[in-house]
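*Asks:* Quick one: this structure, given as structure tokens, is what I'll be asking you about.
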Amino acid sequence: MSETTPLPERIRPRDLSEIIGQDHLLGEHAPLRQMIDQGHLPSIIFWGPPGVGKTTIALLLAQAVDRPFISLSALNTGVKELREIIAESGDLIVPVVFIDEIHRFNKSQQDALLSAVEKGKITLVGATTENPSFEVNSALLSRCQVYTLNALDQQAIQDLLQRALKQDQFLKQRQIRIDEYEALIQSSAGDARKALNLLDL
């Protein structure tokens, strides 16, 4: 990676154990941790504010169960593309299909997913900043487990920034020291991506 690669991408966690925050889902006896320990991954919808790790956790869950990961955005994926991906899904290895901003899918797009999820042709992981009870159709919702991700608290943001200073090869060269975290913590408002971008600036 080059110095022009955004800091959040440069220090993106490579393992679930590196995730800061979301202990209620990934802690020792938490639901997602237990699923992974059993080698099981159901279809899931992650609901939470921006910058709390929805995309990263989805990718790392797929890696943990050794499944192909296909990442799509609801903003630029149509029904035709969805059907092509589903048609290409193998019977032996079920891909994890991650859909960012799934609440932006219209009814026909969500319906295109329904049969594939029901028959186990794909494992769906959707991410949304909106309440899925109102934004995702009930038939699809009933086939997924919904987990809420929380905004990062002050300690988590501080830990994240300290990790960036220690781990990022470009920041390490500058010997940066943060004397006052308050402004960065307040400006980021629990959003890890925003906190890291502010540090990068």
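Order determines the names: the first chain of the structure tokens is A, the second B, and so forth; residues in each chain are numbered 1 upward, and ligands are numbered 1 upward as they are shown.
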Write out as CSV a residue-level contact list of stretch 105-148 of chain A versus stretch 23-46 of chain A with cut-off 10 Å: for each qualifying residue the closest pair of atoms and the distance in Å to one decimal, counting only C-alpha atoms, rows sorted by chain and residue number upward.
*Replies:*
```
residue,atom,partner,partner_atom,distance
A:Val117,CA,A:Ser43,CA,7.3
A:Glu118,CA,A:Ser43,CA,9.6
A:Gly120,CA,A:Ser43,CA,9.1
A:Ile122,CA,A:Ser43,CA,8.3
A:Thr123,CA,A:Ser43,CA,5.0
A:Leu124,CA,A:Ser43,CA,4.6
A:Val125,CA,A:Ile44,CA,4.7
A:Gly126,CA,A:Ile45,CA,4.5
A:Ala127,CA,A:Phe46,CA,4.8
A:Thr128,CA,A:Phe46,CA,6.3
A:Thr129,CA,A:Phe46,CA,8.4
A:Glu130,CA,A:Phe46,CA,9.9
A:Asn131,CA,A:Phe46,CA,9.9
A:Pro132,CA,A:Ile45,CA,7.9
A:Val136,CA,A:Ile45,CA,9.5
A:Leu140,CA,A:Ser43,CA,9.8
A:Leu141,CA,A:Ile45,CA,8.1
A:Arg143,CA,A:Ser43,CA,7.1
A:Cys144,CA,A:Ser43,CA,4.8
A:Gln145,CA,A:Ile44,CA,4.7
A:Val146,CA,A:Ile45,CA,4.8
A:Tyr147,CA,A:Phe46,CA,5.1
A:Thr148,CA,A:Phe46,CA,5.9
```
*Asks:* Store the residues picked out above, limited to N, CA and C atoms, as a PDB file, in the first residue's frame.
*Replies:*
```pdb
ATOM      1  N   VAL A 117     -31.358 -17.116  -0.763  1.00  0.00           N
ATOM      2  CA  VAL A 117     -31.109 -17.225   0.681  1.00  0.00           C
ATOM      3  C   VAL A 117     -31.856 -18.429   1.241  1.00  0.00           C
ATOM      4  N   GLU A 118     -33.111 -18.579   0.816  1.00  0.00           N
ATOM      5  CA  GLU A 118     -33.962 -19.659   1.320  1.00  0.00           C
ATOM      6  C   GLU A 118     -33.396 -21.032   0.956  1.00  0.00           C
ATOM      7  N   GLY A 120     -30.293 -21.662   0.304  1.00  0.00           N
ATOM      8  CA  GLY A 120     -28.910 -21.810   0.747  1.00  0.00           C
ATOM      9  C   GLY A 120     -27.888 -21.698  -0.366  1.00  0.00           C
ATOM     10  N   ILE A 122     -26.698 -18.847  -1.425  1.00  0.00           N
ATOM     11  CA  ILE A 122     -25.779 -17.804  -0.943  1.00  0.00           C
ATOM     12  C   ILE A 122     -26.013 -17.617   0.555  1.00  0.00           C
ATOM     13  N   THR A 123     -24.992 -17.102   1.228  1.00  0.00           N
ATOM     14  CA  THR A 123     -25.156 -16.588   2.590  1.00  0.00           C
ATOM     15  C   THR A 123     -25.139 -15.071   2.456  1.00  0.00           C
ATOM     16  N   LEU A 124     -26.228 -14.455   2.781  1.00  0.00           N
ATOM     17  CA  LEU A 124     -26.347 -13.006   2.649  1.00  0.00           C
ATOM     18  C   LEU A 124     -25.862 -12.316   3.921  1.00  0.00           C
ATOM     19  N   VAL A 125     -25.011 -11.309   3.748  1.00  0.00           N
ATOM     20  CA  VAL A 125     -24.695 -10.403   4.848  1.00  0.00           C
ATOM     21  C   VAL A 125     -25.002  -8.995   4.348  1.00  0.00           C
ATOM     22  N   GLY A 126     -26.043  -8.410   4.904  1.00  0.00           N
ATOM     23  CA  GLY A 126     -26.433  -7.057   4.513  1.00  0.00           C
ATOM     24  C   GLY A 126     -25.998  -6.063   5.568  1.00  0.00           C
ATOM     25  N   ALA A 127     -25.718  -4.848   5.157  1.00  0.00           N
ATOM     26  CA  ALA A 127     -25.364  -3.780   6.091  1.00  0.00           C
ATOM     27  C   ALA A 127     -26.303  -2.606   5.862  1.00  0.00           C
ATOM     28  N   THR A 128     -26.780  -2.036   6.955  1.00  0.00           N
ATOM     29  CA  THR A 128     -27.694  -0.897   6.829  1.00  0.00           C
ATOM     30  C   THR A 128     -27.528   0.063   7.992  1.00  0.00           C
ATOM     31  N   THR A 129     -27.694   1.341   7.696  1.00  0.00           N
ATOM     32  CA  THR A 129     -27.711   2.357   8.753  1.00  0.00           C
ATOM     33  C   THR A 129     -29.143   2.644   9.188  1.00  0.00           C
ATOM     34  N   GLU A 130     -30.117   2.038   8.491  1.00  0.00           N
ATOM     35  CA  GLU A 130     -31.537   2.267   8.784  1.00  0.00           C
ATOM     36  C   GLU A 130     -32.131   1.048   9.483  1.00  0.00           C
ATOM     37  N   ASN A 131     -33.176   1.269  10.262  1.00  0.00           N
ATOM     38  CA  ASN A 131     -33.823   0.160  10.969  1.00  0.00           C
ATOM     39  C   ASN A 131     -34.335  -0.874   9.962  1.00  0.00           C
ATOM     40  N   PRO A 132     -33.766  -2.088   9.963  1.00  0.00           N
ATOM     41  CA  PRO A 132     -34.168  -3.074   8.948  1.00  0.00           C
ATOM     42  C   PRO A 132     -35.634  -3.502   9.059  1.00  0.00           C
ATOM     43  N   VAL A 136     -36.251  -3.396   5.206  1.00  0.00           N
ATOM     44  CA  VAL A 136     -36.000  -4.668   4.542  1.00  0.00           C
ATOM     45  C   VAL A 136     -37.299  -5.473   4.575  1.00  0.00           C
ATOM     46  N   LEU A 140     -37.581 -11.513   3.615  1.00  0.00           N
ATOM     47  CA  LEU A 140     -36.122 -11.608   3.637  1.00  0.00           C
ATOM     48  C   LEU A 140     -35.607 -11.493   5.069  1.00  0.00           C
ATOM     49  N   LEU A 141     -36.197 -10.579   5.818  1.00  0.00           N
ATOM     50  CA  LEU A 141     -35.784 -10.343   7.202  1.00  0.00           C
ATOM     51  C   LEU A 141     -35.944 -11.603   8.054  1.00  0.00           C
ATOM     52  N   ARG A 143     -35.518 -14.542   7.249  1.00  0.00           N
ATOM     53  CA  ARG A 143     -34.514 -15.551   6.916  1.00  0.00           C
ATOM     54  C   ARG A 143     -33.101 -15.115   7.332  1.00  0.00           C
ATOM     55  N   CYS A 144     -33.018 -13.983   7.982  1.00  0.00           N
ATOM     56  CA  CYS A 144     -31.716 -13.442   8.411  1.00  0.00           C
ATOM     57  C   CYS A 144     -31.719 -13.190   9.921  1.00  0.00           C
ATOM     58  N   GLN A 145     -30.555 -13.239  10.508  1.00  0.00           N
ATOM     59  CA  GLN A 145     -30.402 -12.810  11.893  1.00  0.00           C
ATOM     60  C   GLN A 145     -29.937 -11.353  11.873  1.00  0.00           C
ATOM     61  N   VAL A 146     -30.557 -10.531  12.691  1.00  0.00           N
ATOM     62  CA  VAL A 146     -30.220  -9.102  12.725  1.00  0.00           C
ATOM     63  C   VAL A 146     -29.361  -8.816  13.959  1.00  0.00           C
ATOM     64  N   TYR A 147     -28.221  -8.174  13.723  1.00  0.00           N
ATOM     65  CA  TYR A 147     -27.329  -7.790  14.820  1.00  0.00           C
ATOM     66  C   TYR A 147     -27.068  -6.291  14.749  1.00  0.00           C
ATOM     67  N   THR A 148     -27.141  -5.653  15.912  1.00  0.00           N
ATOM     68  CA  THR A 148     -26.911  -4.208  16.005  1.00  0.00           C
ATOM     69  C   THR A 148     -25.463  -3.941  16.372  1.00  0.00           C
TER      70      THR A 148
END
```
*Asks:* Could you please write out, as a list in words, every residue of stretch 100-133 of chain A that DSSP assigns to strand (DSSP E)?
*Replies:*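 Written out, the strand (DSSP E) residues of stretch 100-133 of chain A are Asp100, Thr123, Leu124, Val125, Gly126, Ala127 and Thr128 of chain A.
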*Asks:* Just the number, please: distance in Å from atom CA of A:Glu180 to atom CA of A:Leu196, one decimal.
*Replies:* 15.1 Å
*Asks:* What's around A:Gln167 at 12 Å? Count only C-alpha atoms, leave out sequence neighbours fewer than 3 positions away in its own chain, and write the answer as a list in words.
*Replies:* Leu7, Pro8, Arg10, Ile11, Arg12, Pro13, Asp159, Leu160, Leu161, Gln162, Arg163, Ala164, Phe170, Leu171, Lys172, Gln173 and Gln175 of chain A
*Asks:* Which residues come within 12 Å of A:Asp66, counting only C-alpha atoms, excluding same-chain residues fewer than 3 positions away, as a short mmCIF file (atom, residue, chain, number, x, y, z; two decimals) with all heavy atoms, in the first residue's frame?
*Replies:*
```cif
data_model
loop_
_atom_site.label_atom_id
_atom_site.label_comp_id
_atom_site.auth_asym_id
_atom_site.auth_seq_id
_atom_site.Cartn_x
_atom_site.Cartn_y
_atom_site.Cartn_z
N ILE A 36 -18.70 -18.74 14.67
CA ILE A 36 -17.44 -18.97 13.95
C ILE A 36 -16.70 -20.17 14.55
O ILE A 36 -16.11 -20.98 13.84
CB ILE A 36 -16.57 -17.69 13.98
CG1 ILE A 36 -17.24 -16.58 13.18
CG2 ILE A 36 -15.17 -17.96 13.45
CD1 ILE A 36 -17.65 -16.97 11.78
N GLY A 39 -17.92 -23.09 13.06
CA GLY A 39 -17.81 -23.14 11.61
C GLY A 39 -19.10 -22.85 10.88
O GLY A 39 -19.29 -23.27 9.74
N HIS A 40 -19.99 -22.12 11.54
CA HIS A 40 -21.33 -21.87 10.99
C HIS A 40 -21.52 -20.38 10.74
O HIS A 40 -21.15 -19.55 11.57
CB HIS A 40 -22.37 -22.37 12.00
CG HIS A 40 -23.78 -22.05 11.61
ND1 HIS A 40 -24.37 -22.51 10.44
CD2 HIS A 40 -24.74 -21.31 12.24
CE1 HIS A 40 -25.61 -22.07 10.37
NE2 HIS A 40 -25.86 -21.33 11.44
N LEU A 41 -22.08 -20.04 9.58
CA LEU A 41 -22.39 -18.64 9.29
C LEU A 41 -23.75 -18.55 8.61
O LEU A 41 -23.90 -18.92 7.45
CB LEU A 41 -21.30 -18.02 8.39
CG LEU A 41 -21.46 -16.52 8.10
CD1 LEU A 41 -21.35 -15.70 9.38
CD2 LEU A 41 -20.42 -16.06 7.08
N LEU A 59 -16.39 -9.33 5.95
CA LEU A 59 -15.26 -9.93 5.23
C LEU A 59 -14.52 -10.95 6.11
O LEU A 59 -14.21 -12.06 5.67
CB LEU A 59 -14.29 -8.84 4.77
CG LEU A 59 -12.95 -9.30 4.18
CD1 LEU A 59 -13.16 -10.16 2.95
CD2 LEU A 59 -12.07 -8.10 3.86
N LEU A 60 -14.28 -10.56 7.37
CA LEU A 60 -13.52 -11.44 8.26
C LEU A 60 -14.33 -12.67 8.68
O LEU A 60 -13.76 -13.74 8.90
CB LEU A 60 -13.05 -10.65 9.49
CG LEU A 60 -12.05 -9.53 9.19
CD1 LEU A 60 -11.70 -8.76 10.46
CD2 LEU A 60 -10.79 -10.08 8.54
N LEU A 61 -15.65 -12.53 8.76
CA LEU A 61 -16.50 -13.70 9.03
C LEU A 61 -16.41 -14.71 7.89
O LEU A 61 -16.29 -15.91 8.11
CB LEU A 61 -17.96 -13.27 9.23
CG LEU A 61 -18.31 -12.56 10.54
CD1 LEU A 61 -19.75 -12.04 10.50
CD2 LEU A 61 -18.12 -13.47 11.74
N ALA A 62 -16.45 -14.19 6.65
CA ALA A 62 -16.34 -15.07 5.48
C ALA A 62 -14.98 -15.79 5.48
O ALA A 62 -14.90 -16.99 5.20
CB ALA A 62 -16.53 -14.27 4.19
N GLN A 63 -13.93 -15.05 5.81
CA GLN A 63 -12.60 -15.65 5.86
C GLN A 63 -12.51 -16.71 6.94
O GLN A 63 -11.90 -17.77 6.75
CB GLN A 63 -11.54 -14.57 6.10
CG GLN A 63 -11.31 -13.68 4.91
CD GLN A 63 -10.27 -12.59 5.18
OE1 GLN A 63 -9.70 -12.51 6.26
NE2 GLN A 63 -10.05 -11.74 4.20
N PHE A 69 -15.97 -14.42 -0.83
CA PHE A 69 -16.64 -13.18 -0.41
C PHE A 69 -16.89 -12.32 -1.63
O PHE A 69 -15.98 -11.99 -2.37
CB PHE A 69 -15.74 -12.44 0.60
CG PHE A 69 -16.35 -11.19 1.17
CD1 PHE A 69 -17.30 -11.26 2.19
CD2 PHE A 69 -15.95 -9.93 0.72
CE1 PHE A 69 -17.84 -10.10 2.74
CE2 PHE A 69 -16.50 -8.78 1.26
CZ PHE A 69 -17.44 -8.87 2.27
N ILE A 93 -19.46 -24.94 -2.44
CA ILE A 93 -18.98 -23.81 -1.63
C ILE A 93 -19.96 -22.65 -1.79
O ILE A 93 -20.07 -22.07 -2.87
CB ILE A 93 -17.56 -23.38 -2.04
CG1 ILE A 93 -16.58 -24.55 -1.88
CG2 ILE A 93 -17.10 -22.21 -1.17
CD1 ILE A 93 -15.17 -24.26 -2.33
N VAL A 94 -20.66 -22.34 -0.73
CA VAL A 94 -21.67 -21.27 -0.76
C VAL A 94 -20.98 -19.93 -0.50
O VAL A 94 -20.35 -19.76 0.54
CB VAL A 94 -22.76 -21.52 0.30
CG1 VAL A 94 -23.76 -20.39 0.33
CG2 VAL A 94 -23.46 -22.85 0.04
N PRO A 95 -21.07 -18.98 -1.43
CA PRO A 95 -20.40 -17.70 -1.22
C PRO A 95 -21.13 -16.82 -0.21
O PRO A 95 -22.34 -16.94 -0.03
CB PRO A 95 -20.43 -17.05 -2.62
CG PRO A 95 -21.65 -17.62 -3.26
CD PRO A 95 -21.78 -19.02 -2.73
N VAL A 96 -20.35 -15.97 0.43
CA VAL A 96 -20.93 -14.93 1.28
C VAL A 96 -21.09 -13.69 0.40
O VAL A 96 -20.12 -13.16 -0.13
CB VAL A 96 -20.01 -14.61 2.48
CG1 VAL A 96 -20.55 -13.42 3.28
CG2 VAL A 96 -19.88 -15.83 3.39
#
```
*Asks:* As an exercise, work out the distance from atom CA of A:Thr77 to atom CA of A:Phe134 in Å and give it to one decimal place.
*Replies:* 21.1 Å
*Asks:* So, with only C-alpha atoms as the atoms that count, which of A:Gly21, A:Asp15, A:Leu92, A:Ala195 lies closest to A:Gln155?
*Replies:*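 Between A:Gly21, A:Asp15, A:Leu92, A:Ala195, the residue approaching A:Gln155 most closely is A:Gly21.
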*Asks:* DSSP on the backbone, alpha helix (DSSP H) only: what residues of chain A does that give? Format it as an MDAnalysis selection string.
*Replies:* chainID A and resid 7:10 23:26 31:37 54:64 79:88 107:118 132:135 138:141 154:167 169:174 182:188 192:200
*Asks:* One number please: atom CA of A:Arg193 to atom CA of A:Glu9, in Å, one decimal.
*Replies:*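 Separation of atom CA of A:Arg193 and atom CA of A:Glu9: 9.0 Å.
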*Asks:* Find the spatial neighbours of A:Glu81, counting only C-alpha atoms, within a cut-off of 10 Å - ignore same-chain residues fewer than 6 positions away - and output them as an NGL selection string.
*Replies:* :A and (72 or 87 or 109)
*Asks:* Kindly indicate which residue among A:Ser188, A:Trp47, A:Gln154, A:Glu88 lies nearest to A:Glu135, using only C-alpha atoms for the distances.
*Replies:*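 Going through A:Ser188, A:Trp47, A:Gln154, A:Glu88 one by one, the smallest distance to A:Glu135 is for A:Trp47.
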